[in-house]
Amino acid sequence: MATTISQFVHQLPVVMKQAFRKLDPRLMIRNPVLFVVEVGCVLTLLLALAPDALGGTTPGWFNLTVGLILLATLLFANAGEAIAEGRGKAQADSLRKTKAVLTAHKQSGSTWKTIPSVELRRGDVVLVSQGELIPGDGEVIEGLALVDESAITGESAPVIKEAGGDFSSVTGGTRVISDWIKVQIASEPGESFLDRMIALVEGAKRQKTPNEMALSTVLISLTLIFLIVVVTLPFYANYLGIRLEVPMLVALLVCLIPTTIGGLLSAIGIAGMDRVTRFNVVARSGKAVEAAGDINTIILDKTGTITYGNRMASEFIPVGGAALGDVGAWAAIGSLQDETPEGRSVLALMRQLELYYDPAVAAGGTFEGFRAETRMSGVDLQDGRRVRKGAVDAVKQWVIGQGGRVPSDLNDAAEQIAGAGGTPLAVAVDGWICGLIHLKDTVKPGMRERFEQMRQMGIKTVMCTGDNPLTAATIAREAGVDEFIAESRPEDKIAVIRREQAEGKLVAMTGDGTNDAPALAQADVGIAMNTGTVAAKEAANMIDLDSDPSKIIEVVAIGKQLLMTRGALTTFSIANDVAKYFAILPALFMLAIPEMQALNVMQLGSPQSAILSALIFNAVIIPLLIPLAMRGVAYRQVSTERLLRRNLLLYGVGGMIVPFACIKLIDLLVHLWV
Amino acid sequence: MLIYTYAAIAVPFLLVLLLVRPAGWYLAKAFDYNPTGLDRLFGPLERLIYRIGGHPRHNQTWRDYAVSLVLVNTVMLMLAYLVFRLQGQLPLNAAGLPGMRPDLAFHTAVSFITGSNLQHYSGESGLSYLSQMMAVVFLMFAAPATSLAAAMACIRALADKPLGNFYVDLVRALTRVLLPAAFVLALVFVALGTPQTLEPAVTAQTVDSGTQTIARGPVGSFVAIKMLGTNGGGFFGANSAHPYENPGALSNLLQIVLMLLIPAAIPLAYGRMTGHARHGRVLFIAMGLLLLLLVGALLAAEHAGNPALQALGLQQEQGSMEGKENRFGVAQSAVYTAVTTASETGAVNTMHDTLSPIGGLVALISMLLNTVFGGIGSGFMNVLLYAIVAVFLSGLMVGRTPEFLGKKIEVREMKLIAVTLLITPLLVLVPSAWAVAAHADTISSPGFHGLTQAVYEFASAAANNGSGFEGLADNTRFWNTATGVVMMLGRYVPILLLLAIAASLSVKRLVPQTSGTFRTDTGLFGVVFVAAVLIVGALTFFPVLALGPIAEHLSLWQR
């Protein structure tokens, strides 16, 4: 909290400058609700100079106060927008600095020419050596290098980039920290990832999203309705012989039109995008974030998203009459120097099962790593014995090759493991196969709960995996996904997306490889991993800089939160009108119709203090709600019914009660003077 | 005593509750384009009509539907206008009445084609029997048939079916719903004592040897469609307060039931037709509870009596009897008033001008809401409007692009809804401001009450209610023209816009319902719907109501 406040104080001069700049009526007219306030503000300020210009009798100081409160209302609303924009500004500036210093070694014929990066075109080939910044987005066509992408992702561990495959895409502004690469530039000037990111974090290219436009129409309609109400009111009053003062009517109008939500609407949108960005996901448009809130189906890759993707030892199965302890001990001895996750997991399983083995046996042995040709790993012990673990048929052949025999129950046991969706590894010492290790793909902790939450949110999860149906079914059951596709090919994903879309559902998916690109493009929300290929990133409408596929779930939540914040503040804004009516209407008529005192339920001090109090509340509520607009309303994954009831109570009923209390309190203060 | 009074009040509501389900089932059936058993019953008559007028078989786009609707109504309007203008030269004019002035003829024709039945003339002295039958009764059938057709088209669109054909719907509304029911009801009303004759008025000798002209005419058939079609225009100037138009307790009871029956059945028919029966029921219950609230408020206000009369020594134990018929009493008058304004019928069995200020306020609010069942078809279309607004807000609050019956509500629909929401405030507030500013001389009781009179007149016109607060010298060029225009806009603009909204939703893909969908068939939705109706629909009018009836009430009771 303290940092937020100091940050805020630090930002204040910039924000205030922006807030004043946004008073320009040409900008203001884009927000009709605030434009009406601005017109009222100018009108009352003019009436402050010449109080009787329209035959009014309200004193100049009162008109001035009304005008100033309206000005404050406008500045508060502008500040909200400016703060939201400012959040991305710093990030944009540092990115822009990166961009300014970029130079490129462009290939021209057989020589390399050094030019500023802004002159690079699509298709140019550049050489980037150790210590240099990559001048633009592109594809590695030659070489291999370690690249530090922290400028973009904030992740400090460097990543390997090499020609071909799924790790060939590089981003402008990242640094090569070892070796060299040749990069073919993939974007035109001004369209690179860096440019897009700058535009995005600045909110410069922000367009109103569909839902924002729908809501603005309603707000404009409400503004027009209340304009009709306020403009016709003096005619009625006049018929009754009551004079209504212009500043008072302006006050009534401003209080009735939905200034709260009108003032915060764009801030909510910008902040929503910003929340996504802070989450290290770059959304191409606000529309994509909004769409994320509506997702009905999420397609997830099994490996890396739902499971760790590496298989873990879960069981030792002795064969040929061997003891459980033997299998474990030999498996452990063979894995002592094995740094692969499988090897680590064997030792972990030993500890878990509290099995004992003698590490001294392995001391001084030579470790044989896993190779594709042998499909085994193991250790040659000092006493000459050789321990191996690996694919069942590979180990079988190795044992037979040494004149050993294969236990008769080996095949059955291996098939049983495969049947349960696992992978069997055989363990052998010289000519003796003592047993099997049951390797299982492990579901990441917490995934089951997440899928359960998503089911409550009405989201179906589909798991895609290259595994056989048996393995897939096991994992699907364990993780609790709603549906799975085994032995899936890239086309299958598109088919699933199309099928779901044909039912009218919105589909989200994550992907990284080039072959994911068509599916990413077909999905309503496609999130590409930053480690993925250029094609995948181009096809997606969001890019996850951390390359964490399970993040899609949070993105959905942010999308929902965005809509909820809009809905909640709109409801609050409209509900406030009830109290404001009871503050202002009696104040307007109390002098002429003393009986109207009965409507003054808040017992406000005087007509003038009542009007000023309502106006002050109307202005002050905007900055008070800015943090809420920035943060978004609390989103809990509960049933829609409960969510609605909660928000209705909080923002609907609360919005009706809160202003009564606040206006009364403000009036107690204001009435000291007027 | 009081217990009998309240039991008597409950009877019409219980009857409606009993009849509304079968009525809803029947309506859904009558407008189902798939062959039903009703085809055999009504087929011959409909085939005859189609043989004369041609049988349109194609489904229309919403534009075609709207154009047909406006076209047919325009032709009917012009026919009625001509009849009113030329009635002096036309037959069946026993009293020898002259033709209407152009502005009054325009006003009257508009008034009946829009189902408003605002009357700036008195039936006995203003219309010949031919005008009553050929123009007034004809339009009393045509108007509800038109709005029922439009509502059915909207419902079909929301049910993801083709919109239908206006001519077919119009014919069906007449042949399957209004004509058969009105025929039977006319006989019932005659049996209950309303006259049905083409003989002219009789002159009677009174006991104190004076003479009295007793008007009569084809009243039974008139009253049947007047009530059933939520029309409300009186055969006589005194409307349902006239003993020939509403002879007694039974006819009064029947009239209350008829005003509510079709409007209340439509939400249930809607539920059945869209396959969202529970959603239809939620809307029905929500509106029903609002109606009971309005009835209760009116009863309380009228029973409270008038403190000014009390102060003069006039007993007020029975409540305020001023302007009420002795044979109905306070309770039956109050219930009738609430129902006639809420259902946008506009028939009156009591003088609304002499309602207590709060009673007048409740009547005014009932009209302005225009959703507490409302008039046939048009009331329900308003309900749909508020239901969509409610869904939009609550959909946002649960974090989804709002869906109504599985269709996404997006910019286009919200634009159309934004315009629709503007209509009532525009049509009520602007012309009544004009009236009090420029035509204050036509208002009989200046002050708070006068303001209420003017606002009531335009509210009644805009909502196509047709009841008069009276007390206005309203047969002037200003009032005739202004309310005429307001009635027309108040009728057709919302119908056209809602057709457009429904059509725009119908072309969208159906979003499957999941547990994340905001459900519209729960009590919670009912609450949000009522809140939307009250806040969006009523908040607008608070200032003018404060200056009119509320100020009058406060000054009356604080004296």
# chains A, B, ... in the order shown; residues from 1 in each chain; ligands from 1
>>> residues_around(residues="Leu256 in chain A", least_positions_apart="2", cutoff="12 Å", atoms="only C-alpha atoms", output="PyMOL selection string")
(chain A and resi 33+36-37+219+222-230+249-254+258-262+573-585+614-615+618) or (chain B and resi 536+539-540+542-543)
>>> interface_residues(of="chain B", to="chain A", cutoff="8 Å", atoms="only C-alpha atoms", output="NGL selection string")
:B and (393-401 or 410-412 or 414-415 or 417-419 or 421-422 or 425-426 or 429-430 or 433-434 or 436-437 or 440 or 446-448 or 451 or 509-512 or 514-519 or 524 or 535 or 539-541 or 543-544 or 547 or 551 or 554-555 or 558)
>>> residues_around(residues="range 137-150 of chain A", least_positions_apart="3", cutoff="7 Å", atoms="only C-alpha atoms", output="PDB file with C-alpha atoms, in the first residue's frame")
ATOM      1  CA  THR A 153       9.383 -11.301 -20.470  1.00  0.00           C
ATOM      2  CA  GLY A 154      11.047 -10.283 -17.247  1.00  0.00           C
ATOM      3  CA  GLU A 155      12.327 -13.845 -17.031  1.00  0.00           C
ATOM      4  CA  SER A 156      16.047 -13.796 -16.239  1.00  0.00           C
ATOM      5  CA  ALA A 157      16.976 -17.316 -17.377  1.00  0.00           C
ATOM      6  CA  PRO A 158      18.268 -17.187 -20.954  1.00  0.00           C
ATOM      7  CA  VAL A 159      16.733 -19.433 -23.599  1.00  0.00           C
ATOM      8  CA  ILE A 160      18.317 -21.339 -26.471  1.00  0.00           C
ATOM      9  CA  LYS A 161      17.361 -20.226 -29.961  1.00  0.00           C
ATOM     10  CA  GLU A 162      18.330 -22.259 -32.992  1.00  0.00           C
ATOM     11  CA  ALA A 163      17.436 -22.597 -36.627  1.00  0.00           C
ATOM     12  CA  SER A 168      13.557 -20.484 -33.910  1.00  0.00           C
ATOM     13  CA  SER A 169      11.661 -17.272 -33.278  1.00  0.00           C
ATOM     14  CA  VAL A 170      13.376 -14.265 -31.763  1.00  0.00           C
ATOM     15  CA  THR A 171      12.020 -10.948 -30.630  1.00  0.00           C
ATOM     16  CA  GLY A 172      13.485  -7.523 -31.281  1.00  0.00           C
ATOM     17  CA  THR A 174      16.316  -9.177 -26.702  1.00  0.00           C
ATOM     18  CA  ARG A 175      20.044  -9.836 -26.238  1.00  0.00           C
ATOM     19  CA  VAL A 176      22.246 -12.619 -27.542  1.00  0.00           C
ATOM     20  CA  ILE A 177      24.536 -13.626 -24.668  1.00  0.00           C
ATOM     21  CA  SER A 178      26.550 -16.364 -26.317  1.00  0.00           C
ATOM     22  CA  ASP A 179      27.422 -17.467 -29.856  1.00  0.00           C
ATOM     23  CA  TRP A 180      25.787 -15.922 -32.905  1.00  0.00           C
ATOM     24  CA  ILE A 181      22.701 -16.305 -35.075  1.00  0.00           C
ATOM     25  CA  LYS A 182      21.543 -15.208 -38.478  1.00  0.00           C
ATOM     26  CA  VAL A 183      17.999 -13.881 -38.318  1.00  0.00           C
ATOM     27  CA  GLN A 184      15.560 -13.315 -41.129  1.00  0.00           C
ATOM     28  CA  ILE A 185      13.410 -10.316 -40.222  1.00  0.00           C
ATOM     29  CA  ALA A 186       9.692 -11.108 -40.203  1.00  0.00           C
ATOM     30  CA  SER A 187       8.020  -7.740 -39.665  1.00  0.00           C
ATOM     31  CA  SER A 192       7.173  -5.441 -34.759  1.00  0.00           C
ATOM     32  CA  PHE A 193       6.321  -7.032 -31.477  1.00  0.00           C
TER      33      PHE A 193
END
>>> residues_around(residues="Gly24 in chain B", least_positions_apart="5", cutoff="10 Å", atoms="only C-alpha atoms", output="list in words")
Leu19, Lys29, Ala30, Leu261, Ile262, Pro263, Ala264, Ala265, Ile266, Pro267, Leu268, Ala269, Tyr270, Gly271, Arg272 and Met273 of chain B
>>> select_by_dssp(residues="range 97-251 of chain B", states="strand (DSSP E or B)", output="number ranges by chain")
B: 196, 202-205, 211-214, 218
>>> closest_residue(among="B:Ala153, B:Ile443, B:Val527, B:Val383", to="Ser506 in chain B", atoms="only C-alpha atoms")
B:Ala153
>>> atom_distance(atom1="CA of Trp112 in chain A", atom2="CA of Val126 in chain A")
8.0 Å
>>> residues_around(residues="Thr340 in chain B", least_positions_apart="3", cutoff="9 Å", atoms="only C-alpha atoms", output="ChimeraX atom specification")
/B:230,232,256,259-260,335-337,343-348,363,366-367,465,467
>>> closest_residue(among="B:Gly490, B:Ala238, B:Glu552, B:Phe525", to="Leu355 in chain B", atoms="only C-alpha atoms")
B:Glu552
>>> closest_residue(among="B:Leu384, B:Leu309, B:Ala342, B:Leu298", to="Gly359 in chain B", atoms="only C-alpha atoms")
B:Leu298
>>> atom_distance(atom1="CA of Glu38 in chain A", atom2="CA of Cys255 in chain A")
13.1 Å
